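Trainee: Have a look at this one before I ask anything.
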Amino acid sequence: MPETEREDCTDCFAQPHADNTRIMYVKEGGVLHETWHAPDCPQLTIMQINSEEAHKRVLEQEAWAKGVFPAAHERLTQTAAALPGDTAAQPFVAALTELVQAQADNLTGFVPLHRWAEILERHFRPDFPDPGHTAE
């Protein structure tokens with residue numbers, strides 16, 4: 001069981017009780033931090049308002065992004081296709097285009113790190129010596 005540190009609310013000084021609300025989060029190092037609040041605690045009310053406002057902003061941003069992303073993705077794809085294949089920027093354009101396509105294929109989440117690594121490795125290969133080749 002991880003260590004738990006408790007902090008008293010400076011407004012209501014609530015203790016653990018079935019009628020009170022416990023707010024917990026994990027601190028760096030895996031330590032649990034908890035604070036208890038009475039139902040009428042001003043700090044708890046402010047936290048709830050801030051949480052609801054943050055949730056509302058996230059929903060608004062997602063709606064905006066879902067409306068804008070398809071057209072921006074299309075412009076990127078068209079611009080990338082119009083570039084000559086022999087420009088110095090080509091690997092960057094190809095990687096960016098593939099990364100954006102990976103995100104377009106998964107609009108409900110984020111492209112995981114292993115997918116980023118696969119795409120970047122494909123477009124920016126490390127210059128490792130061939131282990132089967134011996135220098136003469």
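Chain labels follow the order of the structure tokens: the first chain is A, the next B, and so on; residue numbering restarts at 1 in every chain, and ligands are counted from 1 in their shown order.
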Return as number ranges by chain the full set of residues in chain A whose backbone-based DSSP assignment is helix (DSSP H, G or I).

Mentor: A: 42-82, 90-104, 113-123

Trainee: Just the residues within 6 Å of stretch 5-21 of chain A, please, counting only C-alpha atoms, with nothing from its chain fewer than 2 positions along; format it as a list in words.

Mentor: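 The neighbour list is His33, Glu34, Thr35, Trp36, His37, Ala38, Pro39 and Cys41 of chain A.
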
Trainee: Mind checking DSSP for chain A and telling me the strand (DSSP E or B) residues as a PyMOL selection string?

Mentor: chain A and resi 4-8+21-26+32-37

Trainee: Tell me which protein, DNA and RNA residues are within 10 Å of stretch 58-63 of chain A, counting only C-alpha atoms, leaving out same-chain ones fewer than 5 positions away, and put them as a PyMOL selection string.

Mentor: chain A and resi 52-53+68+107-108

Trainee: Go ahead and compute the interatomic distance for atom CA of A:Met24 and atom CA of A:Lys56, in Å to one decimal.

Mentor: 22.2 Å

Trainee: Do a neighbour search on stretch 74-87 of chain A at 12 Å with only C-alpha atoms, toss out local chain neighbours closer than 4 positions, and write the hits as a PDB file with N, CA and C atoms, in the first residue's frame.

Mentor:
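Once everything was written out, this is part-v4.pdb:
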```pdb
ATOM      1  N   VAL A  68     -12.572  21.837 -37.494  1.00  0.00           N
ATOM      2  CA  VAL A  68     -11.458  22.427 -38.240  1.00  0.00           C
ATOM      3  C   VAL A  68     -10.485  21.374 -38.784  1.00  0.00           C
ATOM      4  N   PHE A  69     -10.278  20.304 -38.047  1.00  0.00           N
ATOM      5  CA  PHE A  69      -9.238  19.331 -38.384  1.00  0.00           C
ATOM      6  C   PHE A  69      -9.355  18.745 -39.785  1.00  0.00           C
ATOM      7  N   PRO A  70     -10.525  18.288 -40.223  1.00  0.00           N
ATOM      8  CA  PRO A  70     -10.579  17.659 -41.550  1.00  0.00           C
ATOM      9  C   PRO A  70     -10.095  18.579 -42.681  1.00  0.00           C
ATOM     10  N   PRO A  91      11.703  14.661 -46.229  1.00  0.00           N
ATOM     11  CA  PRO A  91      11.500  13.714 -45.121  1.00  0.00           C
ATOM     12  C   PRO A  91      10.649  14.305 -43.993  1.00  0.00           C
ATOM     13  N   PHE A  92      10.806  15.594 -43.751  1.00  0.00           N
ATOM     14  CA  PHE A  92      10.027  16.253 -42.705  1.00  0.00           C
ATOM     15  C   PHE A  92       8.553  16.326 -43.095  1.00  0.00           C
ATOM     16  N   VAL A  93       8.313  16.672 -44.346  1.00  0.00           N
ATOM     17  CA  VAL A  93       6.944  16.756 -44.854  1.00  0.00           C
ATOM     18  C   VAL A  93       6.286  15.375 -44.830  1.00  0.00           C
ATOM     19  N   ALA A  94       7.007  14.368 -45.269  1.00  0.00           N
ATOM     20  CA  ALA A  94       6.459  13.004 -45.285  1.00  0.00           C
ATOM     21  C   ALA A  94       6.148  12.517 -43.877  1.00  0.00           C
ATOM     22  N   ALA A  95       7.048  12.767 -42.933  1.00  0.00           N
ATOM     23  CA  ALA A  95       6.824  12.338 -41.549  1.00  0.00           C
ATOM     24  C   ALA A  95       5.640  13.080 -40.942  1.00  0.00           C
ATOM     25  N   LEU A  96       5.591  14.385 -41.136  1.00  0.00           N
ATOM     26  CA  LEU A  96       4.485  15.167 -40.601  1.00  0.00           C
ATOM     27  C   LEU A  96       3.160  14.703 -41.189  1.00  0.00           C
ATOM     28  N   THR A  97       3.143  14.480 -42.493  1.00  0.00           N
ATOM     29  CA  THR A  97       1.914  14.035 -43.150  1.00  0.00           C
ATOM     30  C   THR A  97       1.457  12.688 -42.594  1.00  0.00           C
ATOM     31  N   GLU A  98       2.380  11.773 -42.381  1.00  0.00           N
ATOM     32  CA  GLU A  98       2.023  10.462 -41.853  1.00  0.00           C
ATOM     33  C   GLU A  98       1.573  10.553 -40.395  1.00  0.00           C
ATOM     34  N   LEU A  99       2.226  11.397 -39.612  1.00  0.00           N
ATOM     35  CA  LEU A  99       1.819  11.575 -38.214  1.00  0.00           C
ATOM     36  C   LEU A  99       0.412  12.183 -38.120  1.00  0.00           C
ATOM     37  N   VAL A 100       0.150  13.167 -38.955  1.00  0.00           N
ATOM     38  CA  VAL A 100      -1.183  13.782 -38.947  1.00  0.00           C
ATOM     39  C   VAL A 100      -2.228  12.771 -39.418  1.00  0.00           C
ATOM     40  N   GLN A 101      -1.880  11.940 -40.406  1.00  0.00           N
ATOM     41  CA  GLN A 101      -2.815  10.912 -40.851  1.00  0.00           C
ATOM     42  C   GLN A 101      -3.087   9.901 -39.733  1.00  0.00           C
ATOM     43  N   ALA A 104      -5.500  11.490 -37.577  1.00  0.00           N
ATOM     44  CA  ALA A 104      -6.806  11.548 -38.240  1.00  0.00           C
ATOM     45  C   ALA A 104      -7.516  10.199 -38.161  1.00  0.00           C
TER      46      ALA A 104
END
```

Trainee: Suppose you want the space between atom CA of A:Glu121 and atom CA of A:Ala89; what is it in Å?

Mentor: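 Taking atom CA of A:Glu121 and atom CA of A:Ala89, their separation equals 16.2 Å.
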
Trainee: Separation of atom CA of A:Leu113 and atom CA of A:Tyr25, in Å?

Mentor: 24.7 Å
